[in-house]
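A.B. asks: Pasting protein.cif here (mmCIF, C-alpha atoms and all ligand atoms):
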data_protein
#
loop_
_atom_site.label_atom_id
_atom_site.label_comp_id
_atom_site.auth_asym_id
_atom_site.auth_seq_id
_atom_site.Cartn_x
_atom_site.Cartn_y
_atom_site.Cartn_z
CA MET A 1333 59.65 65.23 170.67
CA ILE A 1334 60.64 62.26 168.56
CA GLY A 1335 64.25 63.40 168.12
CA PRO A 1336 65.39 63.26 171.73
CA ILE A 1337 63.47 60.06 172.40
CA PHE A 1338 65.00 58.09 169.60
CA GLY A 1339 68.29 59.93 169.65
CA SER A 1340 71.20 58.93 167.44
CA ASP A 1341 73.34 57.94 170.40
CA ALA A 1342 70.96 55.18 171.46
CA ARG A 1343 73.60 52.46 171.64
CA MET A 1344 76.61 54.67 172.12
CA ARG A 1345 79.18 53.60 174.58
CA VAL A 1346 82.11 55.87 175.34
CA SER A 1347 85.12 54.50 177.11
CA THR A 1348 87.85 57.07 176.91
CA GLY A 1349 89.15 56.93 180.45
CA LYS A 1350 90.85 60.17 181.47
CA ALA A 1351 91.85 62.14 178.41
CA THR A 1352 93.75 65.41 178.16
CA GLN A 1353 94.82 67.54 175.21
CA SER A 1354 98.32 66.13 175.61
CA ASP A 1355 96.91 62.61 175.59
CA GLY A 1356 98.92 60.59 173.08
CA ARG A 1357 96.41 57.80 172.71
CA MET A 1358 94.43 56.99 169.61
CA PHE A 1359 90.65 56.81 169.79
CA THR A 1360 88.50 54.59 167.65
CA VAL A 1361 85.00 55.75 166.86
CA VAL A 1362 82.59 53.04 165.71
CA VAL A 1363 79.99 54.67 163.51
CA GLU A 1364 77.22 53.77 161.12
CA GLY A 1365 75.30 55.79 158.55
CA PHE A 1366 78.37 57.92 157.92
CA GLY A 1367 80.37 58.39 154.74
CA VAL A 1368 79.51 58.25 151.09
CA GLY A 1369 77.76 55.61 149.01
CA LEU A 1370 78.15 52.08 150.35
CA GLN A 1371 80.09 53.37 153.36
CA ARG A 1372 76.82 54.73 154.76
CA ARG A 1373 75.39 51.23 154.91
CA ALA A 1374 78.35 49.69 156.68
CA GLU A 1375 79.57 50.00 160.21
CA ARG A 1376 82.95 51.77 160.14
CA ARG A 1377 85.76 52.37 162.57
CA ILE A 1378 87.68 55.59 162.38
CA THR A 1379 90.79 56.02 164.46
CA VAL A 1380 92.10 59.48 165.30
CA PRO A 1381 94.41 61.03 167.91
CA PHE A 1382 92.65 62.67 170.85
CA PRO A 1383 92.95 66.31 169.68
CA GLN A 1384 90.88 65.38 166.61
CA LEU A 1385 88.28 63.31 168.40
CA GLN A 1386 85.86 66.11 169.13
CA ARG A 1387 85.97 67.40 165.57
CA LEU A 1388 85.33 63.91 164.20
CA MET A 1389 82.33 63.47 166.45
CA GLN A 1390 80.95 66.85 165.39
CA THR A 1391 81.39 65.93 161.72
CA ILE A 1392 79.62 62.62 162.26
CA ALA A 1393 76.74 64.36 164.04
CA GLN A 1394 76.47 67.03 161.30
CA GLN A 1395 76.27 64.35 158.63
CA GLY A 1396 73.63 62.30 160.44
CA GLY A 1397 75.90 59.38 161.37
CA ARG A 1398 75.28 57.33 164.47
CA ILE A 1399 78.11 56.80 166.92
CA LEU A 1400 77.99 53.32 168.41
CA ALA A 1401 81.11 53.41 170.52
CA VAL A 1402 84.25 55.37 171.27
CA ASN A 1403 87.22 53.40 172.55
CA ALA A 1404 90.59 54.54 173.76
CA GLU A 1405 93.57 52.55 172.53
CA GLU A 1406 96.43 51.98 174.88
CA VAL A 1407 99.69 53.50 173.66
CA PRO A 1408 102.60 51.16 174.28
CA ALA A 1409 105.35 52.72 176.39
CA GLY A 1410 107.95 54.49 174.23
CA SER A 1411 105.79 54.54 171.12
CA ALA A 1412 105.84 57.54 168.84
CA PRO A 1413 103.27 60.25 169.41
CA ALA A 1414 100.13 59.99 167.32
CA PRO A 1415 100.51 61.46 163.85
CA SER A 1416 98.77 64.81 163.62
CA ASP A 1417 97.78 64.32 159.98
CA ALA A 1418 95.18 61.69 160.80
CA ALA A 1419 92.65 64.49 161.00
CA VAL A 1420 89.24 63.98 159.54
CA SER A 1421 88.14 66.67 157.15
CA ASP A 1422 84.54 67.69 156.82
CA ALA A 1423 84.32 65.23 153.96
CA PRO A 1424 84.33 61.77 155.56
CA ALA A 1425 87.77 60.86 154.28
CA ALA A 1426 89.21 59.18 157.39
CA THR A 1427 90.48 55.67 156.81
CA PRO A 1428 88.57 53.00 158.75
CA THR A 1429 91.10 51.30 160.99
CA PRO A 1430 90.38 48.09 162.86
CA ALA A 1431 89.97 48.81 166.55
CA LYS A 1432 92.02 46.74 168.94
CA LYS A 1433 89.39 46.61 171.63
CA ALA A 1434 86.07 47.26 169.98
CA PRO A 1435 82.86 46.13 171.64
CA VAL A 1436 80.86 43.48 169.80
CA SER A 1437 79.81 45.31 166.70
CA HIS A 1438 78.12 44.10 163.53
CA ALA A 1439 81.44 44.14 161.71
CA ASP A 1440 83.03 41.77 164.23
CA VAL A 1441 80.25 39.20 164.18
CA PRO A 1442 81.26 35.92 162.52
CA VAL A 1443 79.06 34.79 159.64
CA ASN A 1444 79.08 31.80 157.28
CA LEU A 1445 82.25 30.26 158.64
CA TYR A 1446 80.89 26.91 157.41
CA LYS A 1447 78.76 26.65 154.27
CA PRO A 1448 76.40 23.85 153.18
CA LYS A 1449 78.93 22.46 150.68
CA ASP A 1450 81.54 22.05 153.36
CA PRO A 1451 79.74 21.97 156.72
CA PHE A 1452 81.32 21.60 160.11
CA ILE A 1453 80.82 18.12 161.56
CA GLY A 1454 79.79 18.53 165.18
CA THR A 1455 79.40 15.77 167.74
CA VAL A 1456 76.31 15.63 169.93
CA LEU A 1457 77.29 16.03 173.58
CA ASP A 1458 73.88 16.12 175.16
CA ASN A 1459 70.20 15.92 174.22
CA TYR A 1460 67.50 16.19 176.87
CA SER A 1461 63.89 17.23 177.22
CA LEU A 1462 63.16 20.70 178.56
CA LEU A 1463 59.56 19.88 179.39
CA ALA A 1464 57.94 18.81 182.64
CA GLU A 1465 55.34 16.12 182.97
CA GLY A 1466 52.02 16.97 181.35
CA ALA A 1467 53.54 19.28 178.73
CA ILE A 1468 52.33 19.43 175.16
CA GLY A 1469 54.71 18.11 172.50
CA ARG A 1470 58.44 17.67 172.63
CA VAL A 1471 61.10 20.36 173.17
CA ASN A 1472 64.75 19.38 173.63
CA HIS A 1473 67.99 21.12 174.55
CA ILE A 1474 70.77 19.79 172.33
CA THR A 1475 74.47 20.58 172.69
CA PHE A 1476 77.16 20.03 170.05
CA ASP A 1477 80.91 19.89 170.44
CA LEU A 1478 82.64 22.47 168.23
CA SER A 1479 86.12 22.07 169.64
CA GLU A 1480 87.72 20.57 166.52
CA GLY A 1481 86.99 23.47 164.20
CA ASN A 1482 86.61 27.20 163.89
CA LEU A 1483 82.86 27.51 164.37
CA HIS A 1484 82.25 30.34 166.80
CA TYR A 1485 79.35 32.73 167.28
CA VAL A 1486 77.85 35.42 169.48
CA GLU A 1487 74.53 35.59 171.33
CA GLY A 1488 71.52 36.07 169.05
CA GLN A 1489 72.88 34.24 166.00
CA SER A 1490 71.62 31.04 164.37
CA ILE A 1491 73.23 27.93 162.94
CA GLY A 1492 72.07 25.65 160.15
CA ILE A 1493 71.58 21.93 160.59
CA ILE A 1494 71.57 19.55 157.63
CA PRO A 1495 69.71 16.42 158.71
CA ASP A 1496 71.01 13.04 157.61
CA GLY A 1497 69.18 11.26 154.82
CA GLU A 1498 67.50 12.30 151.59
CA ASP A 1499 64.29 14.01 150.59
CA ALA A 1500 61.50 12.45 148.49
CA ASN A 1501 63.50 13.20 145.32
CA GLY A 1502 66.59 11.39 146.54
CA LYS A 1503 68.46 14.65 147.16
CA PRO A 1504 70.23 15.49 150.41
CA HIS A 1505 68.01 17.41 152.81
CA LYS A 1506 68.32 21.19 152.85
CA LEU A 1507 69.53 22.94 155.95
CA ARG A 1508 67.19 24.34 158.57
CA LEU A 1509 68.12 27.34 160.70
CA TYR A 1510 67.86 27.25 164.49
CA SER A 1511 68.42 30.12 166.91
CA ILE A 1512 71.37 29.47 169.19
CA ALA A 1513 70.36 29.07 172.84
CA SER A 1514 73.84 29.26 174.38
CA THR A 1515 76.23 32.14 174.91
CA ARG A 1516 79.46 32.34 172.96
CA HIS A 1517 81.08 30.49 175.87
CA GLY A 1518 78.69 27.56 175.59
CA ASP A 1519 76.79 25.95 178.44
CA ASN A 1520 79.98 24.83 180.16
CA CYS A 1521 81.37 28.38 179.94
CA GLU A 1522 84.57 26.97 178.49
CA GLY A 1523 83.83 27.60 174.81
CA GLY A 1524 83.79 25.06 172.01
CA THR A 1525 80.11 24.09 172.20
CA VAL A 1526 76.78 25.35 170.90
CA SER A 1527 73.28 24.55 172.14
CA LEU A 1528 69.86 24.65 170.51
CA CYS A 1529 66.32 24.60 171.84
CA VAL A 1530 64.27 22.53 169.39
CA ARG A 1531 60.59 21.70 169.29
CA GLN A 1532 59.61 18.65 167.26
CA LEU A 1533 57.34 19.95 164.54
CA GLN A 1534 54.21 17.82 164.20
CA TYR A 1535 51.11 18.43 162.15
CA GLU A 1536 48.17 16.51 160.77
CA LYS A 1537 47.77 15.91 157.06
CA ASP A 1538 44.97 13.79 155.63
CA GLY A 1539 44.45 12.16 159.00
CA THR A 1540 48.14 11.29 159.43
CA THR A 1541 50.59 12.86 161.85
CA ILE A 1542 53.58 14.27 159.97
CA ASN A 1543 56.84 14.77 161.86
CA GLY A 1544 59.17 17.59 160.86
CA VAL A 1545 62.28 16.16 159.20
CA CYS A 1546 65.01 18.14 160.90
CA SER A 1547 63.32 18.76 164.25
CA THR A 1548 62.62 15.02 164.60
CA PHE A 1549 66.19 14.18 163.54
CA LEU A 1550 67.46 16.52 166.27
CA CYS A 1551 65.06 15.51 169.02
CA ASP A 1552 65.92 11.83 168.43
CA ILE A 1553 69.66 12.23 168.11
CA GLU A 1554 71.97 10.39 170.53
CA PRO A 1555 75.11 11.72 172.20
CA GLY A 1556 78.14 10.83 170.09
CA ALA A 1557 76.29 11.24 166.77
CA LYS A 1558 77.87 13.47 164.09
CA VAL A 1559 75.84 16.34 162.69
CA LYS A 1560 76.45 18.68 159.72
CA ILE A 1561 76.40 22.27 160.94
CA THR A 1562 76.61 25.52 158.94
CA GLY A 1563 76.88 29.17 159.87
CA PRO A 1564 76.73 31.01 162.08
CA VAL A 1565 74.31 33.52 160.53
CA GLY A 1566 72.29 36.52 161.64
CA LYS A 1567 72.92 40.02 162.91
CA GLU A 1568 69.33 41.00 163.68
CA MET A 1569 69.27 39.78 167.26
CA LEU A 1570 72.63 40.95 168.60
CA LEU A 1571 72.75 42.19 172.16
CA PRO A 1572 74.07 45.75 172.60
CA PRO A 1573 77.36 45.99 174.49
CA ASP A 1574 75.94 48.52 176.98
CA GLU A 1575 75.93 47.05 180.44
CA ASP A 1576 73.13 49.38 181.52
CA ALA A 1577 70.83 48.93 178.56
CA ASN A 1578 67.23 47.89 179.15
CA ILE A 1579 66.34 44.71 177.30
CA ILE A 1580 62.69 43.81 176.71
CA MET A 1581 62.31 40.24 175.42
CA LEU A 1582 59.11 38.88 173.89
CA ALA A 1583 59.26 35.16 173.18
CA THR A 1584 56.81 32.41 172.24
CA GLY A 1585 57.83 28.79 172.78
CA THR A 1586 61.26 27.95 171.37
CA GLY A 1587 61.62 31.63 170.46
CA ILE A 1588 63.12 31.72 173.96
CA ALA A 1589 66.42 30.44 172.50
CA PRO A 1590 68.22 33.77 171.96
CA MET A 1591 66.69 35.19 175.16
CA ARG A 1592 68.09 32.28 177.16
CA ALA A 1593 71.54 33.16 175.80
CA TYR A 1594 71.10 36.87 176.68
CA LEU A 1595 69.90 36.04 180.19
CA ARG A 1596 72.81 33.71 180.80
CA ARG A 1597 75.20 36.39 179.62
CA MET A 1598 73.53 38.89 181.95
CA PHE A 1599 72.98 36.82 185.08
CA GLU A 1600 74.69 33.44 185.11
CA PRO A 1601 77.55 33.72 187.62
CA ALA A 1602 80.09 31.75 185.55
CA GLU A 1603 79.24 33.84 182.50
CA ARG A 1604 79.64 37.10 184.39
CA ALA A 1605 83.03 35.89 185.56
CA LYS A 1606 83.95 35.31 181.91
CA ASN A 1607 82.88 38.77 180.78
CA PRO A 1608 84.51 41.49 182.89
CA GLU A 1609 83.55 43.98 180.15
CA TYR A 1610 79.87 43.05 180.40
CA GLN A 1611 78.54 43.22 183.95
CA PHE A 1612 74.89 43.81 183.15
CA ARG A 1613 73.20 46.34 185.43
CA GLY A 1614 70.25 47.48 183.31
CA LYS A 1615 66.74 46.11 183.36
CA ALA A 1616 65.86 42.88 181.57
CA TRP A 1617 62.17 42.08 181.15
CA LEU A 1618 61.18 38.72 179.70
CA ILE A 1619 57.61 38.20 178.53
CA MET A 1620 57.25 34.55 177.65
CA GLY A 1621 54.37 32.67 176.04
CA VAL A 1622 53.80 28.91 176.37
CA PRO A 1623 50.67 26.75 176.19
CA LYS A 1624 50.90 25.17 179.66
CA THR A 1625 52.99 25.53 182.82
CA PRO A 1626 54.95 22.30 182.15
CA ASN A 1627 55.93 23.84 178.78
CA LEU A 1628 57.85 26.66 180.44
CA LEU A 1629 61.45 26.48 179.23
CA TYR A 1630 64.59 27.05 181.37
CA GLU A 1631 62.25 27.93 184.24
CA ASP A 1632 64.63 26.97 187.07
CA ASP A 1633 67.37 29.19 185.67
CA PHE A 1634 65.02 32.13 185.27
CA GLN A 1635 63.71 31.70 188.82
CA ARG A 1636 67.30 31.70 190.07
CA TYR A 1637 68.05 34.93 188.18
CA LEU A 1638 64.89 36.46 189.67
CA ALA A 1639 66.04 35.55 193.17
CA GLU A 1640 69.58 36.79 192.61
CA TYR A 1641 68.84 39.93 190.58
CA PRO A 1642 65.39 41.17 191.65
CA GLU A 1643 66.30 44.74 190.70
CA ASN A 1644 67.44 43.80 187.22
CA PHE A 1645 65.24 40.93 186.04
CA ARG A 1646 61.51 40.86 185.55
CA TYR A 1647 59.64 37.86 184.22
CA THR A 1648 56.03 37.85 182.97
CA LYS A 1649 54.33 34.74 181.66
CA ALA A 1650 51.44 34.25 179.25
CA ILE A 1651 50.28 30.67 179.69
CA SER A 1652 47.78 30.45 176.88
CA ARG A 1653 45.79 27.36 177.84
CA GLU A 1654 45.67 28.07 181.57
CA GLN A 1655 45.18 31.84 181.69
CA GLN A 1656 42.57 33.99 179.99
CA ASN A 1657 42.89 37.41 178.43
CA PRO A 1658 40.34 40.11 179.34
CA SER A 1659 38.09 38.97 176.47
CA GLY A 1660 38.03 35.42 177.79
CA GLY A 1661 40.36 34.08 175.07
CA ARG A 1662 43.77 32.42 175.39
CA MET A 1663 46.35 34.56 177.13
CA TYR A 1664 49.06 35.45 174.57
CA ILE A 1665 52.08 37.62 175.01
CA GLN A 1666 50.48 40.46 173.08
CA ASP A 1667 47.80 40.48 175.84
CA ARG A 1668 50.57 40.89 178.41
CA VAL A 1669 52.09 43.66 176.30
CA THR A 1670 48.67 45.37 176.20
CA GLU A 1671 48.38 45.01 179.98
CA HIS A 1672 51.78 46.70 180.50
CA ALA A 1673 51.70 48.90 177.39
CA ASP A 1674 52.25 52.25 179.11
CA GLU A 1675 55.15 50.93 181.14
CA ILE A 1676 56.71 49.26 178.11
CA PHE A 1677 56.26 52.38 176.03
CA SER A 1678 57.85 54.55 178.73
CA LEU A 1679 60.81 52.18 178.78
CA ILE A 1680 61.05 52.38 175.00
CA GLU A 1681 61.22 56.17 175.29
CA ASP A 1682 64.54 55.65 177.05
CA PRO A 1683 67.24 55.48 174.34
CA LYS A 1684 68.95 52.71 176.31
CA THR A 1685 66.04 50.33 175.73
CA HIS A 1686 66.06 47.54 173.13
CA VAL A 1687 63.14 45.27 172.26
CA TYR A 1688 63.67 41.69 171.02
CA MET A 1689 60.93 39.51 169.60
CA CYS A 1690 61.39 35.87 168.68
CA GLY A 1691 58.94 33.09 167.91
CA LEU A 1692 55.56 33.11 166.20
CA ARG A 1693 54.89 35.88 163.69
CA GLY A 1694 51.27 35.97 164.90
CA MET A 1695 52.27 37.94 168.00
CA GLU A 1696 53.38 40.99 166.01
CA PRO A 1697 50.04 42.64 165.08
CA GLY A 1698 48.85 42.53 168.72
CA ILE A 1699 52.09 44.04 169.94
CA ASP A 1700 51.84 46.84 167.38
CA GLU A 1701 48.26 47.48 168.44
CA ALA A 1702 49.26 47.80 172.09
CA MET A 1703 52.13 50.15 171.25
CA THR A 1704 49.89 52.21 168.95
CA ALA A 1705 47.49 52.85 171.83
CA ALA A 1706 50.29 53.63 174.30
CA ALA A 1707 51.93 56.05 171.84
CA ALA A 1708 48.59 57.71 171.04
CA ALA A 1709 48.02 58.36 174.75
CA LYS A 1710 51.14 60.55 174.56
CA GLY A 1711 50.12 62.17 171.29
CA LEU A 1712 52.62 60.09 169.30
CA GLU A 1713 52.30 57.93 166.20
CA TRP A 1714 53.60 54.40 166.63
CA SER A 1715 53.70 53.90 162.84
CA GLU A 1716 56.30 56.68 162.70
CA LEU A 1717 58.18 55.69 165.82
CA ARG A 1718 58.66 52.01 165.07
CA PRO A 1719 60.75 52.57 161.91
CA GLN A 1720 62.88 55.01 163.88
CA LEU A 1721 63.45 52.43 166.58
CA LYS A 1722 64.35 49.89 163.93
CA LYS A 1723 66.78 52.34 162.33
CA ALA A 1724 68.33 53.04 165.71
CA ASP A 1725 68.90 49.28 166.05
CA ARG A 1726 66.61 49.06 169.05
CA TRP A 1727 63.74 46.99 167.63
CA HIS A 1728 64.82 43.44 166.80
CA VAL A 1729 62.43 40.92 165.30
CA GLU A 1730 63.01 37.32 164.28
CA THR A 1731 59.68 35.59 163.88
CA TYR A 1732 58.49 32.70 161.69
P1 LIG B 1 54.38 26.80 170.91
O1 LIG B 1 54.87 26.11 172.11
O2 LIG B 1 53.54 26.09 169.92
O3 LIG B 1 53.62 28.12 171.24
C1 LIG B 1 54.09 29.05 172.11
C2 LIG B 1 52.96 29.88 172.61
O4 LIG B 1 52.55 30.81 171.60
C3 LIG B 1 51.73 29.06 172.95
O5 LIG B 1 51.25 29.51 174.17
C4 LIG B 1 50.79 29.37 171.84
O6 LIG B 1 49.43 29.30 172.24
C5 LIG B 1 51.14 30.78 171.56
N1 LIG B 1 50.60 31.31 170.32
C6 LIG B 1 49.99 30.65 169.32
N2 LIG B 1 49.59 31.51 168.37
C7 LIG B 1 49.94 32.73 168.80
C8 LIG B 1 49.80 34.01 168.26
N3 LIG B 1 49.20 34.26 167.10
N4 LIG B 1 50.29 35.06 168.96
C9 LIG B 1 50.91 34.85 170.13
N5 LIG B 1 51.08 33.66 170.71
C10 LIG B 1 50.60 32.60 170.03
O7 LIG B 1 55.65 27.41 170.22
P2 LIG B 1 56.79 26.66 169.42
O8 LIG B 1 56.27 25.48 168.71
O9 LIG B 1 57.96 26.53 170.28
O10 LIG B 1 57.01 27.67 168.26
C11 LIG B 1 57.54 28.86 168.31
C12 LIG B 1 57.61 29.39 166.90
O11 LIG B 1 58.72 30.18 166.88
C13 LIG B 1 57.79 28.35 165.81
O12 LIG B 1 57.02 28.79 164.69
C14 LIG B 1 59.24 28.45 165.49
O13 LIG B 1 59.53 28.15 164.13
C15 LIG B 1 59.49 29.89 165.77
N6 LIG B 1 60.86 30.18 166.14
C16 LIG B 1 61.46 31.16 165.46
C17 LIG B 1 62.76 31.43 165.75
C18 LIG B 1 63.42 32.49 164.98
O14 LIG B 1 62.79 33.16 164.21
N7 LIG B 1 64.70 32.67 165.18
C19 LIG B 1 63.43 30.77 166.74
C20 LIG B 1 62.77 29.79 167.47
C21 LIG B 1 61.46 29.51 167.15
P3 LIG B 1 48.40 28.13 171.89
O15 LIG B 1 49.15 27.02 171.22
O16 LIG B 1 47.83 27.73 173.19
O17 LIG B 1 47.38 28.77 171.00
#
Using the file provided, produce a representation of the structure as structure tokens.

C.D. replies:
Amino acid sequence: MIGPIFGSDARMRVSTGKATQSDGRMFTVVVEGFGVGLQRRAERRITVPFPQLQRLMQTIAQQGGRILAVNAEEVPAGSAPAPSDAAVSDAPAATPTPAKKAPVSHADVPVNLYKPKDPFIGTVLDNYSLLAEGAIGRVNHITFDLSEGNLHYVEGQSIGIIPDGEDANGKPHKLRLYSIASTRHGDNCEGGTVSLCVRQLQYEKDGTTINGVCSTFLCDIEPGAKVKITGPVGKEMLLPPDEDANIIMLATGTGIAPMRAYLRRMFEPAERAKNPEYQFRGKAWLIMGVPKTPNLLYEDDFQRYLAEYPENFRYTKAISREQQNPSGGRMYIQDRVTEHADEIFSLIEDPKTHVYMCGLRGMEPGIDEAMTAAAAAKGLEWSELRPQLKKADRWHVETY
């Protein structure tokens, strides 16, 4: 039962167009878990002429590899026919060749373009509160200009910020990582910017309120200020390229950042116009936890997406200090997951479904508990299924 549910082609996307045996085009197969030694850990691209495509895919399947995508390459008019010796033998000897038109894959994702020793200097374009009156704390949306450099990123990544000033030992502050809240095109959809969703960290120590160094630096920063930025980093939270995937998003507080980027990519009209290859038509379900209604983040945008895409977007809130769970305690997102556990589990049984979790680590045990019960109701073991989902790149967690 487990095999077909968590099948190896979970994220596979095949775009071959019309192919015939006389087809002269080359096909690039993006695969992971295939090859020998270190190759098995990396994502690889193998390009073969059409007559060898089927054999390659059989070989990959026999050796337990996972095909992520198959793309046809256009053959320029008048080009020579594909060489017939590019065949792949049963030993995985094919040479990985960069695909011309690969979907976003782990190998293509930019990382560490700017390091702490030589950070990018970004200029603050905008910094405004995301909270409504009566909210608890301070959460800001901050946008930086990246146009002067080569800092680019994809949805689900993070950047590092090095706050100005020195620590108690007179050393420069260390960087702090923040999840990116914008799409690769930025909030203006023109590229060259990055946005963050930052909550000012505040806690009490010995009767004094301590403000987080970097989060306070960011929440206070004025447009025009220069900021040291590193990265981007992270491949855990990447969105699959499938336009008809189902995306379940579980976020607490500022953990909404990557989800806001996904939802913009899926539903924001200007973003859709930018991404002809990604016209989302699956189901996106956001379960969002905040303490009070005025703490809801990006609410107007999400309401707009609900109105425009009622078939594709679902939005469930857990407002901890206004709503109660069935035991009379604060309503947390794990309580919402419990409430909808069977439905969520059924969705997870669909190989097109991905789950993303971002925010407080404390939500994880409750979510596991809910999934354990839902799996058990079908005679399945969640403790066995979850690692399979993770391996299939369908269970994405970034919690602190
Ligand atoms: P917050 O506003 O303080 O809290 C969000 C909601 O989570 C509140 O309703 C809160 O309820 C609730 N909550 C508290 N404990 C919980 C638990 N054990 N399980 C489930 N829900 C719980 O959130 P925030 O300050 O923005 O913080 C979000 C956290 O996410 C921070 O720790 C931040 O560092 C982290 N974060 C991580 C990433 C990442 O990993 N990439 C990105 C962004 C943020 P009550 O306060 O009413 O109890």

A.B. asks: Kindly work out which residues sit at most 6 Å from ligand LIG 1 (chain B), using all atoms listed in the file, and give the list as a CSV table (one decimal) with C-alpha atoms, in the coordinates of the input.

C.D. replies:
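Output file out_23.csv is given in full below:
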chain,number,residue,atom,x,y,z
A,1511,SER,CA,68.4,30.1,166.9
A,1531,ARG,CA,60.6,21.7,169.3
A,1584,THR,CA,56.8,32.4,172.2
A,1585,GLY,CA,57.8,28.8,172.8
A,1586,THR,CA,61.3,28.0,171.4
A,1587,GLY,CA,61.6,31.6,170.5
A,1621,GLY,CA,54.4,32.7,176.0
A,1622,VAL,CA,53.8,28.9,176.4
A,1623,PRO,CA,50.7,26.8,176.2
A,1651,ILE,CA,50.3,30.7,179.7
A,1652,SER,CA,47.8,30.4,176.9
A,1653,ARG,CA,45.8,27.4,177.8
A,1664,TYR,CA,49.1,35.4,174.6
A,1665,ILE,CA,52.1,37.6,175.0
A,1690,CYS,CA,61.4,35.9,168.7
A,1691,GLY,CA,58.9,33.1,167.9
A,1692,LEU,CA,55.6,33.1,166.2
A,1694,GLY,CA,51.3,36.0,164.9
A,1695,MET,CA,52.3,37.9,168.0
A,1730,GLU,CA,63.0,37.3,164.3
A,1731,THR,CA,59.7,35.6,163.9
A,1732,TYR,CA,58.5,32.7,161.7

A.B. asks: Determine the nearest neighbour of Asp1458 of chain A from the options A:Cys1529, A:Cys1521, A:Ala1500, A:Val1545, counting all atoms listed in the file.

C.D. replies: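 Ranking A:Cys1529, A:Cys1521, A:Ala1500, A:Val1545 by distance to Asp1458 of chain A, first place goes to A:Cys1529.
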
A.B. asks: Which one of A:Phe1359, A:Tyr1485, A:Phe1677, A:Tyr1594 sits closest to Ala1706 of chain A if you count all atoms listed in the file?

C.D. replies: A:Phe1677

A.B. asks: What lies within 12 Å of Glu1713 of chain A using all atoms listed in the file, ignoring chain neighbours under 2 positions off, as a ChimeraX atom specification?

C.D. replies: /A:1333-1334,1677,1700-1701,1703-1711,1715-1720

A.B. asks: Kindly save the residues from that selection, with C-alpha atoms included, as a PDB file, in the frame of the given file.

C.D. replies:
ATOM      1  CA  MET A1333      59.650  65.230 170.670  1.00  0.00           C
ATOM      2  CA  ILE A1334      60.640  62.260 168.560  1.00  0.00           C
ATOM      3  CA  PHE A1677      56.260  52.380 176.030  1.00  0.00           C
ATOM      4  CA  ASP A1700      51.840  46.840 167.380  1.00  0.00           C
ATOM      5  CA  GLU A1701      48.260  47.480 168.440  1.00  0.00           C
ATOM      6  CA  MET A1703      52.130  50.150 171.250  1.00  0.00           C
ATOM      7  CA  THR A1704      49.890  52.210 168.950  1.00  0.00           C
ATOM      8  CA  ALA A1705      47.490  52.850 171.830  1.00  0.00           C
ATOM      9  CA  ALA A1706      50.290  53.630 174.300  1.00  0.00           C
ATOM     10  CA  ALA A1707      51.930  56.050 171.840  1.00  0.00           C
ATOM     11  CA  ALA A1708      48.590  57.710 171.040  1.00  0.00           C
ATOM     12  CA  ALA A1709      48.020  58.360 174.750  1.00  0.00           C
ATOM     13  CA  LYS A1710      51.140  60.550 174.560  1.00  0.00           C
ATOM     14  CA  GLY A1711      50.120  62.170 171.290  1.00  0.00           C
ATOM     15  CA  SER A1715      53.700  53.900 162.840  1.00  0.00           C
ATOM     16  CA  GLU A1716      56.300  56.680 162.700  1.00  0.00           C
ATOM     17  CA  LEU A1717      58.180  55.690 165.820  1.00  0.00           C
ATOM     18  CA  ARG A1718      58.660  52.010 165.070  1.00  0.00           C
ATOM     19  CA  PRO A1719      60.750  52.570 161.910  1.00  0.00           C
ATOM     20  CA  GLN A1720      62.880  55.010 163.880  1.00  0.00           C
TER      21      GLN A1720
END

A.B. asks: Between A:Ala1513, A:Met1598, A:Val1669, A:Ile1561, which one has atoms that come closest to Pro1697 of chain A, using only C-alpha atoms?

C.D. replies: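 With only C-alpha atoms as the atom set, the closest residue is A:Val1669.
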
A.B. asks: How many Å lie between atom CA of Thr1525 of chain A and atom CA of Asn1578 of chain A, rounded to one decimal?

C.D. replies: 27.9 Å

A.B. asks: If we count all atoms listed in the file, what is near Arg1516 of chain A at a cut-off of 7 Å, once residues fewer than 4 positions away on the same chain are taken out, given as a ChimeraX atom specification?

C.D. replies: /A:1485-1487,1523

A.B. asks: Give the answer as one residue: which of A:Val1526, A:Arg1377, A:Thr1540, A:Met1581 has the shortest atom-to-atom distance to Ile1676 of chain A, using all atoms listed in the file?

C.D. replies: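 Using all atoms listed in the file, the shortest distance to Ile1676 of chain A belongs to A:Met1581.
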
A.B. asks: Would you list the contacts of Met1663 of chain A as a PyMOL selection string, taking every protein, DNA or RNA residue within 6 Å and counting all atoms listed in the file, but skipping same-chain residues closer than 6 positions in sequence?

C.D. replies: chain A and resi 1650+1652+1655-1657

A.B. asks: Work out how far apart atom CA of Ile1588 of chain A and atom CA of Cys1546 of chain A are and give it in Å to one decimal.

C.D. replies: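 Between these atoms lies a distance of 18.9 Å.
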